[in-house]
Each structure stands twice: as structure tokens, then as C-alpha cells.
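Enquirer: Hey, dropping coords_32.cif in here, mmCIF, C-alpha atoms:
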```cif
data_data
#
loop_
_atom_site.label_atom_id
_atom_site.label_comp_id
_atom_site.auth_asym_id
_atom_site.auth_seq_id
_atom_site.Cartn_x
_atom_site.Cartn_y
_atom_site.Cartn_z
CA MET Q 1 1.78 -1.80 17.23
CA GLU Q 2 4.83 0.09 18.43
CA ASP Q 3 4.67 3.19 16.21
CA GLY Q 4 0.97 3.84 16.54
CA THR Q 5 -1.92 3.27 14.22
CA LEU Q 6 -2.38 5.23 11.01
CA SER Q 7 -6.05 6.14 10.80
CA LEU Q 8 -7.34 7.25 7.42
CA ILE Q 9 -10.78 8.68 6.85
CA LEU Q 10 -11.59 8.33 3.17
CA PHE Q 11 -14.36 10.72 2.19
CA SER Q 12 -13.58 11.26 -1.49
CA GLY Q 13 -14.32 8.55 -3.99
CA THR Q 14 -12.13 9.74 -6.85
CA ASP Q 15 -9.45 7.42 -8.21
CA ASP Q 16 -6.59 9.85 -7.54
CA LYS Q 17 -7.46 10.34 -3.86
CA LEU Q 18 -8.13 6.64 -3.34
CA GLY Q 19 -4.79 5.94 -5.02
CA ALA Q 20 -2.95 8.32 -2.69
CA ALA Q 21 -4.67 6.75 0.33
CA ALA Q 22 -3.79 3.24 -0.86
CA ILE Q 23 -0.12 4.21 -1.17
CA LEU Q 24 -0.12 5.61 2.38
CA ALA Q 25 -1.79 2.46 3.70
CA THR Q 26 0.70 0.22 1.90
CA GLY Q 27 3.71 2.14 3.22
CA ALA Q 28 2.40 2.08 6.78
CA ALA Q 29 1.62 -1.64 6.57
CA ALA Q 30 5.10 -2.34 5.19
CA MET Q 31 6.66 -0.51 8.13
CA GLY Q 32 4.68 -2.55 10.63
CA ARG Q 33 2.05 0.03 11.58
CA SER Q 34 -1.58 -0.91 11.97
CA VAL Q 35 -3.85 0.87 9.51
CA ASN Q 36 -7.42 1.78 10.42
CA VAL Q 37 -9.48 2.97 7.43
CA PHE Q 38 -12.92 4.51 7.70
CA LEU Q 39 -14.93 4.92 4.50
CA GLN Q 40 -17.49 7.70 4.34
CA TYR Q 41 -19.75 9.03 1.60
CA TRP Q 42 -18.18 8.77 -1.87
CA ALA Q 43 -15.46 6.40 -0.72
CA VAL Q 44 -18.16 3.94 0.39
CA ASP Q 45 -19.72 4.27 -3.04
CA ALA Q 46 -16.36 3.56 -4.73
CA PHE Q 47 -15.95 0.34 -2.68
CA ARG Q 48 -19.27 -1.08 -3.92
CA LYS Q 49 -18.35 -4.44 -5.37
CA ASP Q 50 -19.99 -3.76 -8.71
CA ARG Q 51 -18.12 -0.43 -9.06
CA VAL Q 52 -14.62 -0.94 -7.64
CA GLY Q 53 -13.07 -1.19 -11.09
CA ALA Q 54 -15.19 1.57 -12.63
CA ASP Q 55 -13.90 5.02 -13.57
CA HIS Q 56 -14.47 7.14 -10.45
CA GLY Q 57 -13.01 10.30 -11.93
CA VAL Q 58 -10.40 12.54 -10.37
CA VAL Q 59 -10.45 15.80 -8.41
CA ALA Q 60 -11.48 18.92 -10.34
CA GLU Q 61 -8.01 20.50 -10.40
CA ALA Q 62 -6.61 17.52 -12.30
CA GLY Q 63 -8.38 18.46 -15.52
CA ALA Q 64 -8.63 16.12 -18.48
CA ASP Q 65 -4.86 15.64 -18.78
CA GLY Q 66 -4.61 14.79 -15.09
CA ALA Q 67 -7.44 12.29 -15.36
CA ALA Q 68 -5.72 10.57 -18.27
CA LEU Q 69 -2.46 10.47 -16.29
CA VAL Q 70 -4.11 8.84 -13.26
CA HIS Q 71 -5.96 6.29 -15.34
CA ARG Q 72 -2.84 5.36 -17.30
CA ASP Q 73 -1.06 4.75 -13.99
CA GLN Q 74 -3.82 2.85 -12.19
CA VAL Q 75 -3.85 -0.34 -14.18
CA GLY Q 76 -3.52 -3.89 -12.85
CA ASP Q 77 -1.41 -3.97 -9.66
CA ARG Q 78 -1.32 -0.15 -9.65
CA HIS Q 79 -5.07 0.24 -9.20
CA TRP Q 80 -5.98 1.53 -5.74
CA SER Q 81 -8.01 -1.59 -4.99
CA ALA Q 82 -5.01 -3.81 -5.82
CA LEU Q 83 -2.76 -1.69 -3.58
CA PHE Q 84 -5.21 -1.97 -0.70
CA ARG Q 85 -5.27 -5.74 -1.26
CA GLN Q 86 -1.46 -5.87 -1.11
CA ALA Q 87 -1.45 -3.66 2.00
CA LYS Q 88 -3.83 -6.11 3.69
CA ASP Q 89 -1.64 -8.98 2.59
CA ILE Q 90 1.55 -7.58 4.15
CA GLY Q 91 0.19 -5.97 7.29
CA ASP Q 92 -2.61 -5.25 9.71
CA VAL Q 93 -5.02 -3.17 7.62
CA ARG Q 94 -8.68 -2.94 8.56
CA ILE Q 95 -11.23 -1.22 6.34
CA HIS Q 96 -14.53 -0.17 7.90
CA ALA Q 97 -17.54 1.32 6.14
CA CYS Q 98 -19.41 4.13 7.92
CA ALA Q 99 -22.84 2.93 9.03
CA LEU Q 100 -24.41 6.31 8.32
CA SER Q 101 -23.14 6.39 4.74
CA MET Q 102 -24.41 2.85 4.20
CA ASP Q 103 -27.87 3.97 5.34
CA LEU Q 104 -27.69 6.99 3.08
CA PHE Q 105 -27.05 4.82 0.03
CA GLY Q 106 -29.42 2.10 1.20
CA ILE Q 107 -26.79 -0.62 0.88
CA SER Q 108 -25.53 -3.44 3.11
CA LYS Q 109 -22.18 -5.17 3.71
CA ASP Q 110 -22.98 -7.64 0.91
CA ASP Q 111 -22.96 -4.78 -1.59
CA LEU Q 112 -19.34 -3.93 -0.77
CA ASP Q 113 -16.10 -5.39 -2.06
CA PRO Q 114 -14.54 -8.03 0.26
CA LEU Q 115 -11.73 -5.52 0.94
CA VAL Q 116 -14.17 -3.98 3.42
CA ASP Q 117 -13.99 -5.84 6.73
CA ASP Q 118 -17.16 -4.55 8.34
CA VAL Q 119 -19.63 -1.76 8.87
CA GLU Q 120 -19.11 0.33 11.97
CA GLY Q 121 -20.17 3.55 13.64
CA VAL Q 122 -17.97 6.60 14.02
CA ALA Q 123 -17.42 6.03 17.73
CA SER Q 124 -15.92 2.58 17.10
CA PHE Q 125 -13.59 4.07 14.51
CA MET Q 126 -12.47 6.76 16.95
CA ASN Q 127 -11.98 4.15 19.63
CA ASP Q 128 -9.45 2.40 17.38
CA ALA Q 129 -7.82 5.70 16.38
CA THR Q 130 -6.45 6.81 19.75
CA THR Q 131 -2.77 5.89 19.29
CA GLY Q 132 -1.82 7.84 16.17
CA PRO Q 133 -2.77 10.58 13.74
CA ILE Q 134 -6.08 10.74 11.91
CA THR Q 135 -5.89 11.80 8.28
CA PHE Q 136 -8.91 12.93 6.28
CA ILE Q 137 -8.70 12.37 2.55
CA MET X 1 33.61 -14.06 1.13
CA THR X 2 33.06 -10.32 1.36
CA THR X 3 29.56 -8.93 1.63
CA THR X 4 29.52 -7.74 -1.97
CA GLU X 5 30.20 -11.27 -3.13
CA ALA X 6 27.13 -12.73 -1.40
CA ILE X 7 25.55 -15.53 -3.41
CA ILE X 8 22.23 -14.26 -4.76
CA THR X 9 19.40 -16.71 -4.10
CA ARG X 10 16.97 -14.86 -6.33
CA SER X 11 17.11 -11.71 -8.41
CA ILE X 12 14.04 -9.55 -9.02
CA ASP X 13 14.17 -7.13 -11.92
CA ALA X 14 11.69 -4.42 -10.91
CA ARG X 15 12.97 -1.76 -13.28
CA GLY X 16 10.19 0.40 -14.65
CA MET X 17 7.97 -0.44 -11.71
CA ALA X 18 6.70 2.57 -9.74
CA CYS X 19 6.81 3.11 -5.96
CA PRO X 20 6.06 1.05 -3.87
CA GLY X 21 6.15 -1.87 -6.35
CA PRO X 22 9.84 -2.86 -5.98
CA LEU X 23 9.53 -2.82 -2.17
CA LEU X 24 6.38 -4.97 -2.31
CA ASN X 25 8.21 -7.44 -4.54
CA LEU X 26 11.07 -7.62 -2.04
CA ILE X 27 8.65 -8.12 0.87
CA GLY X 28 6.94 -10.94 -1.02
CA ALA X 29 10.26 -12.63 -1.84
CA ILE X 30 11.53 -12.37 1.74
CA ARG X 31 8.29 -13.79 3.12
CA GLY X 32 8.54 -16.76 0.79
CA GLY X 33 12.24 -17.36 1.42
CA GLN X 34 14.40 -19.12 3.98
CA VAL X 35 16.58 -17.44 6.62
CA GLY X 36 19.95 -16.76 5.02
CA ASP X 37 18.55 -16.34 1.49
CA VAL X 38 19.93 -13.34 -0.35
CA PHE X 39 17.66 -11.34 -2.65
CA GLU X 40 18.62 -8.80 -5.25
CA VAL X 41 16.09 -6.16 -6.26
CA ILE X 42 16.93 -4.12 -9.33
CA SER X 43 14.96 -0.87 -9.24
CA SER X 44 14.80 2.38 -11.15
CA ASP X 45 12.26 3.84 -8.72
CA ALA X 46 13.65 6.78 -6.72
CA GLY X 47 11.47 5.78 -3.74
CA SER X 48 13.33 2.48 -3.46
CA ARG X 49 16.52 4.40 -2.53
CA THR X 50 14.97 5.32 0.81
CA ASP X 51 12.26 2.71 1.20
CA ILE X 52 14.23 -0.51 0.77
CA PRO X 53 16.91 0.44 3.34
CA ALA X 54 14.21 1.74 5.75
CA TRP X 55 12.07 -1.39 5.43
CA THR X 56 15.05 -3.73 5.69
CA ALA X 57 16.17 -2.08 8.95
CA LYS X 58 12.64 -2.00 10.35
CA ALA X 59 11.94 -5.62 9.47
CA LYS X 60 15.35 -6.58 10.91
CA HIS X 61 16.85 -8.06 7.78
CA GLU X 62 20.32 -7.22 6.48
CA LEU X 63 21.04 -4.72 3.72
CA VAL X 64 24.18 -6.31 2.31
CA SER X 65 24.82 -3.60 -0.27
CA VAL X 66 23.34 -1.02 -2.60
CA ILE X 67 25.04 -0.88 -5.96
CA GLU X 68 24.39 2.21 -8.05
CA GLU X 69 24.20 1.61 -11.77
CA ASP X 70 23.33 3.96 -14.61
CA GLY X 71 19.67 4.89 -14.08
CA TYR X 72 18.92 2.18 -11.53
CA ALA X 73 20.27 0.54 -8.38
CA ARG X 74 20.71 -3.03 -7.17
CA PHE X 75 19.71 -3.71 -3.57
CA ILE X 76 21.13 -6.85 -1.99
CA VAL X 77 19.18 -7.99 1.07
CA ARG X 78 19.71 -11.07 3.26
CA LYS X 79 16.72 -12.59 5.04
CA ALA X 80 17.86 -12.56 8.67
CA ARG X 81 14.93 -14.03 10.55
#
```
Translate this structure into C-alpha cells?
Expert:
Amino acid sequence: MEDGTLSLILFSGTDDKLGAAAILATGAAAMGRSVNVFLQYWAVDAFRKDRVGADHGVVAEAGADGAALVHRDQVGDRHWSALFRQAKDIGDVRIHACALSMDLFGISKDDLDPLVDDVEGVASFMNDATTGPITFI
Amino acid sequence: MTTTEAIITRSIDARGMACPGPLLNLIGAIRGGQVGDVFEVISSDAGSRTDIPAWTAKAKHELVSVIEEDGYARFIVRKAR
């Protein structure tokens, strides 16, 4: 697309970071940019279909008050998974799970939420990430 | 008819909804509408002030007007294509 792809590497699996990433993806999709998401480590774990809606915690600096704030906000359509779904609905958003992380956890594509399009290696992700910035979250 | 008197096809009250909710509601309405339809989004989200005009320009629709009210704004957008 004309303004370049937004490539997001999601490493963290906490609800606050996934929420921030989902907002970025939604905004980019709304503005007509392709979004290329690569899930690694704890983000892969958070996208497991039996755990998407679970409490994934927040970053350490949030503290208990911060955790409560995030979890009060992320309900229904405000949950990061719902925002990613809306982003995919309005634009070109592809979510790939890192093959290495999948091996690490001993899981397959069937164990992941349908939001995840496929499992791919890091070289394929980089091949799709040549026309815009890469952001690591 | 002046632009501020455009006939509203559908009004969406998105007050209380956080960013980017009001914009997503507008996008959904525009996608489901006909060319020439006029949508009103009522939003109290500060992000809408920048996002709705930016999206409307990018998506090549027409921002008919933005009406500031007390604590919220009304965005009038015509589906142009």
C-alpha cells in the first residue's frame, strides 16, 4: 500500500502491551496501511485459543492499580483481541506466529486463535517488512 | 441547502466510547451506506478530533462539518464514493 507497511513484532504477552499493539494496528488499518504482525514468545502464548480471553497480566511498572485500570478498560469491544478482529475487518492485517516460538511451546496452528493467519519463519516476516518501520513491543 | 443543513441519514451517538471506537463506528456506517449518505458521529473522545478528519480525508469522503458542543463534538461526514 502507498504509505508502507506497519510491521509489529509482539514479544510481550501482557494485556496492556497487546492492547497498545492492537490500537496501533487498528489505526494503521483505518488509514489504509498494511499491517504485518509477528508473534513471538509470550505473545504466541497469549494468542492460544484457550487463553485469549484469560488474564495475561500487565507490565511490572503498572502495579496493582495499573492492572485494575487495564482490565476495567479491556472489556467487550475494548479487549485487545476484539480490536485486532476489528482491524482485520477494516483493513489488510496479517498475523503470523513465529515458528520457533511454536516449537518452544510444542503447539501447532490449531492451538491458536483464528486471528492468527499462519505460522512463519523470521525470514518470511522480514521479507514482508521491507517497506516500512518495524516496531518491537 | 448549506453544508451545515445536510440531511443526516444516520446519527451515531458514540459518547463515552474511547479511542478509536467512534472512528470504527463511522467506518462501519460508511461501509454499509450508499454514496451520498450523510452520517453524524457524536463523540466525546479527544482522539476523534484528529482521527475523524484525518480518516475522512484519507478515505476520500467529505467532512461536511464539525460542530463543537459542551464536552463533545458532532462530526458530519458524507459518503463520497
Enquirer: So which one's closest to X:Phe39, X:Leu26, X:Ala14, X:Ile67, X:Ala73? Using all atoms listed in the file, please.
Expert: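 Under the stated criterion, the closest residue is X:Leu26.
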Enquirer: Taking only C-alpha atoms into account, what are the residues of chain X at most 10 Å from chain Q, put as a short mmCIF file (atom, residue, chain, number, x, y, z; two decimals) with C-alpha atoms, keeping the file's coordinate frame?
Expert:
```cif
data_model
loop_
_atom_site.label_atom_id
_atom_site.label_comp_id
_atom_site.auth_asym_id
_atom_site.auth_seq_id
_atom_site.Cartn_x
_atom_site.Cartn_y
_atom_site.Cartn_z
CA MET X 17 7.97 -0.44 -11.71
CA ALA X 18 6.70 2.57 -9.74
CA CYS X 19 6.81 3.11 -5.96
CA PRO X 20 6.06 1.05 -3.87
CA GLY X 21 6.15 -1.87 -6.35
CA LEU X 23 9.53 -2.82 -2.17
CA LEU X 24 6.38 -4.97 -2.31
CA ILE X 27 8.65 -8.12 0.87
CA GLY X 28 6.94 -10.94 -1.02
CA ARG X 31 8.29 -13.79 3.12
CA ASP X 51 12.26 2.71 1.20
CA ALA X 54 14.21 1.74 5.75
CA TRP X 55 12.07 -1.39 5.43
CA THR X 56 15.05 -3.73 5.69
CA ALA X 57 16.17 -2.08 8.95
CA LYS X 58 12.64 -2.00 10.35
CA ALA X 59 11.94 -5.62 9.47
#
```
Enquirer: Mind checking which residues fall within 8 Å of X:Ala80, counting all atoms listed in the file, ignoring those fewer than 2 positions away in the same chain, and posting them as a PyMOL selection string?
Expert: chain X and resi 35-36+60-62+78
Enquirer: Using all atoms listed in the file, which protein or nucleic acid residues come within 12 Å of stretch 112-120 of chain Q? Drop anything in the same chain fewer than 5 positions from it, and give the result as an NGL selection string.
Expert: :Q and (22 or 36-40 or 43-53 or 80-89 or 92-103 or 105-107 or 125-128)
Enquirer: What does the distance from atom CA of Q:Thr135 to atom CA of Q:Leu8 come to in Å, to one decimal?
Expert: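 These atoms are spaced 4.9 Å apart.
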Enquirer: Measuring atom to atom with all atoms listed in the file, identify which of Q:Gly76, Q:Ala68, Q:Ser34, Q:Ala60 is nearest to Q:Ser12.
Expert: Q:Ala60
Enquirer: Could you pull the residues within 8 Å of Q:Gly4, counting all atoms listed in the file, minus those fewer than 5 positions along the same chain, as a list in words?
Expert: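 These residues fall inside the cut-off: Arg33, Ser34, Thr131 and Gly132 of chain Q.
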Enquirer: What does the distance from atom CA of Q:Ser124 to atom CA of Q:Ile9 come to in Å, to one decimal?
Expert: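 Interatomic distance here is 13.0 Å.
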Enquirer: I'd like the interatomic distance between atom CA of Q:Asp16 and atom CA of Q:Phe136, to a tenth of an Å.
Expert: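 Separation of atom CA of Q:Asp16 and atom CA of Q:Phe136: 14.3 Å.
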Enquirer: Which residues come within 12 Å of X:Val64, counting all atoms listed in the file, excluding same-chain residues fewer than 6 positions away, as a list in words?
Expert: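 In the requested format, the answer is Thr2, Thr3, Thr4, Glu5, Ala6, Ile7, Ile8, Gly36, Asp37, Val38, Phe39, Glu40, Val41, Ile52, Pro53, Thr56, Ala57, Arg74, Phe75, Ile76, Val77, Arg78, Lys79 and Ala80 of chain X.
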Enquirer: Pull out every residue that the PyMOL selection byres ((chain Q and resi 57) around 6) matches in the shown coordinates and put them as an MDAnalysis selection string.
Expert: chainID Q and resid 14:15 55:56 58
Enquirer: For X:Tyr72, find every residue with an atom within 8 Å (counting only C-alpha atoms), except residues of its own chain fewer than 3 positions away, and show them as number ranges by chain.
Expert: X: 15, 42-45, 68-69
Enquirer: Please rebuild stretch 24-56 of chain Q with N, CA and C atoms and return the result as a PDB file, in the frame of the given file.
Expert:
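Resulting contents of result12.pdb:
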```pdb
ATOM      1  N   LEU Q  24      -0.411   5.348   0.969  1.00  0.00           N
ATOM      2  CA  LEU Q  24      -0.120   5.610   2.380  1.00  0.00           C
ATOM      3  C   LEU Q  24      -0.355   4.349   3.220  1.00  0.00           C
ATOM      4  N   ALA Q  25      -1.460   3.674   2.953  1.00  0.00           N
ATOM      5  CA  ALA Q  25      -1.790   2.460   3.700  1.00  0.00           C
ATOM      6  C   ALA Q  25      -0.739   1.380   3.473  1.00  0.00           C
ATOM      7  N   THR Q  26      -0.290   1.248   2.232  1.00  0.00           N
ATOM      8  CA  THR Q  26       0.700   0.220   1.900  1.00  0.00           C
ATOM      9  C   THR Q  26       2.025   0.497   2.602  1.00  0.00           C
ATOM     10  N   GLY Q  27       2.445   1.767   2.566  1.00  0.00           N
ATOM     11  CA  GLY Q  27       3.710   2.140   3.220  1.00  0.00           C
ATOM     12  C   GLY Q  27       3.643   1.890   4.720  1.00  0.00           C
ATOM     13  N   ALA Q  28       2.544   2.281   5.338  1.00  0.00           N
ATOM     14  CA  ALA Q  28       2.400   2.080   6.780  1.00  0.00           C
ATOM     15  C   ALA Q  28       2.398   0.594   7.118  1.00  0.00           C
ATOM     16  N   ALA Q  29       1.681  -0.186   6.336  1.00  0.00           N
ATOM     17  CA  ALA Q  29       1.620  -1.640   6.570  1.00  0.00           C
ATOM     18  C   ALA Q  29       3.007  -2.260   6.423  1.00  0.00           C
ATOM     19  N   ALA Q  30       3.748  -1.806   5.413  1.00  0.00           N
ATOM     20  CA  ALA Q  30       5.100  -2.340   5.190  1.00  0.00           C
ATOM     21  C   ALA Q  30       5.995  -2.060   6.390  1.00  0.00           C
ATOM     22  N   MET Q  31       5.814  -0.890   7.008  1.00  0.00           N
ATOM     23  CA  MET Q  31       6.660  -0.510   8.130  1.00  0.00           C
ATOM     24  C   MET Q  31       6.121  -1.013   9.465  1.00  0.00           C
ATOM     25  N   GLY Q  32       5.140  -1.888   9.409  1.00  0.00           N
ATOM     26  CA  GLY Q  32       4.680  -2.550  10.630  1.00  0.00           C
ATOM     27  C   GLY Q  32       3.647  -1.781  11.429  1.00  0.00           C
ATOM     28  N   ARG Q  33       3.073  -0.720  10.851  1.00  0.00           N
ATOM     29  CA  ARG Q  33       2.050   0.030  11.580  1.00  0.00           C
ATOM     30  C   ARG Q  33       0.670  -0.508  11.233  1.00  0.00           C
ATOM     31  N   SER Q  34      -0.197  -0.545  12.232  1.00  0.00           N
ATOM     32  CA  SER Q  34      -1.580  -0.910  11.970  1.00  0.00           C
ATOM     33  C   SER Q  34      -2.231   0.221  11.185  1.00  0.00           C
ATOM     34  N   VAL Q  35      -3.144  -0.135  10.301  1.00  0.00           N
ATOM     35  CA  VAL Q  35      -3.850   0.870   9.510  1.00  0.00           C
ATOM     36  C   VAL Q  35      -5.352   0.677   9.719  1.00  0.00           C
ATOM     37  N   ASN Q  36      -6.003   1.779  10.064  1.00  0.00           N
ATOM     38  CA  ASN Q  36      -7.420   1.780  10.420  1.00  0.00           C
ATOM     39  C   ASN Q  36      -8.121   2.717   9.438  1.00  0.00           C
ATOM     40  N   VAL Q  37      -8.873   2.155   8.498  1.00  0.00           N
ATOM     41  CA  VAL Q  37      -9.480   2.970   7.430  1.00  0.00           C
ATOM     42  C   VAL Q  37     -10.982   3.063   7.648  1.00  0.00           C
ATOM     43  N   PHE Q  38     -11.492   4.279   7.559  1.00  0.00           N
ATOM     44  CA  PHE Q  38     -12.920   4.510   7.700  1.00  0.00           C
ATOM     45  C   PHE Q  38     -13.443   5.112   6.408  1.00  0.00           C
ATOM     46  N   LEU Q  39     -14.377   4.442   5.765  1.00  0.00           N
ATOM     47  CA  LEU Q  39     -14.930   4.920   4.500  1.00  0.00           C
ATOM     48  C   LEU Q  39     -16.213   5.689   4.756  1.00  0.00           C
ATOM     49  N   GLN Q  40     -16.261   6.922   4.222  1.00  0.00           N
ATOM     50  CA  GLN Q  40     -17.490   7.700   4.340  1.00  0.00           C
ATOM     51  C   GLN Q  40     -17.928   8.161   2.954  1.00  0.00           C
ATOM     52  N   TYR Q  41     -19.180   8.433   2.818  1.00  0.00           N
ATOM     53  CA  TYR Q  41     -19.750   9.030   1.600  1.00  0.00           C
ATOM     54  C   TYR Q  41     -19.215   8.407   0.315  1.00  0.00           C
ATOM     55  N   TRP Q  42     -18.501   9.201  -0.498  1.00  0.00           N
ATOM     56  CA  TRP Q  42     -18.180   8.770  -1.870  1.00  0.00           C
ATOM     57  C   TRP Q  42     -17.147   7.656  -1.888  1.00  0.00           C
ATOM     58  N   ALA Q  43     -16.392   7.528  -0.796  1.00  0.00           N
ATOM     59  CA  ALA Q  43     -15.460   6.400  -0.720  1.00  0.00           C
ATOM     60  C   ALA Q  43     -16.238   5.091  -0.532  1.00  0.00           C
ATOM     61  N   VAL Q  44     -17.316   5.139   0.243  1.00  0.00           N
ATOM     62  CA  VAL Q  44     -18.160   3.940   0.390  1.00  0.00           C
ATOM     63  C   VAL Q  44     -18.709   3.544  -0.979  1.00  0.00           C
ATOM     64  N   ASP Q  45     -19.163   4.534  -1.713  1.00  0.00           N
ATOM     65  CA  ASP Q  45     -19.720   4.270  -3.040  1.00  0.00           C
ATOM     66  C   ASP Q  45     -18.678   3.620  -3.967  1.00  0.00           C
ATOM     67  N   ALA Q  46     -17.426   4.098  -3.868  1.00  0.00           N
ATOM     68  CA  ALA Q  46     -16.360   3.560  -4.730  1.00  0.00           C
ATOM     69  C   ALA Q  46     -16.024   2.108  -4.377  1.00  0.00           C
ATOM     70  N   PHE Q  47     -16.245   1.706  -3.121  1.00  0.00           N
ATOM     71  CA  PHE Q  47     -15.950   0.340  -2.680  1.00  0.00           C
ATOM     72  C   PHE Q  47     -17.113  -0.622  -2.924  1.00  0.00           C
ATOM     73  N   ARG Q  48     -18.192  -0.143  -3.572  1.00  0.00           N
ATOM     74  CA  ARG Q  48     -19.270  -1.080  -3.920  1.00  0.00           C
ATOM     75  C   ARG Q  48     -18.721  -2.112  -4.884  1.00  0.00           C
ATOM     76  N   LYS Q  49     -19.040  -3.373  -4.635  1.00  0.00           N
ATOM     77  CA  LYS Q  49     -18.350  -4.440  -5.370  1.00  0.00           C
ATOM     78  C   LYS Q  49     -18.598  -4.406  -6.869  1.00  0.00           C
ATOM     79  N   ASP Q  50     -19.726  -3.835  -7.269  1.00  0.00           N
ATOM     80  CA  ASP Q  50     -19.990  -3.760  -8.710  1.00  0.00           C
ATOM     81  C   ASP Q  50     -19.364  -2.515  -9.340  1.00  0.00           C
ATOM     82  N   ARG Q  51     -18.675  -1.687  -8.522  1.00  0.00           N
ATOM     83  CA  ARG Q  51     -18.120  -0.430  -9.060  1.00  0.00           C
ATOM     84  C   ARG Q  51     -16.645  -0.224  -8.762  1.00  0.00           C
ATOM     85  N   VAL Q  52     -16.027  -1.148  -8.030  1.00  0.00           N
ATOM     86  CA  VAL Q  52     -14.620  -0.940  -7.640  1.00  0.00           C
ATOM     87  C   VAL Q  52     -13.749  -0.626  -8.854  1.00  0.00           C
ATOM     88  N   GLY Q  53     -13.933  -1.369  -9.922  1.00  0.00           N
ATOM     89  CA  GLY Q  53     -13.070  -1.190 -11.090  1.00  0.00           C
ATOM     90  C   GLY Q  53     -13.548  -0.120 -12.062  1.00  0.00           C
ATOM     91  N   ALA Q  54     -14.642   0.546 -11.722  1.00  0.00           N
ATOM     92  CA  ALA Q  54     -15.190   1.570 -12.630  1.00  0.00           C
ATOM     93  C   ALA Q  54     -14.335   2.833 -12.610  1.00  0.00           C
ATOM     94  N   ASP Q  55     -14.568   3.719 -13.542  1.00  0.00           N
ATOM     95  CA  ASP Q  55     -13.900   5.020 -13.570  1.00  0.00           C
ATOM     96  C   ASP Q  55     -14.598   5.931 -12.560  1.00  0.00           C
ATOM     97  N   HIS Q  56     -13.883   6.281 -11.490  1.00  0.00           N
ATOM     98  CA  HIS Q  56     -14.470   7.140 -10.450  1.00  0.00           C
ATOM     99  C   HIS Q  56     -14.066   8.590 -10.599  1.00  0.00           C
TER     100      HIS Q  56
END
```
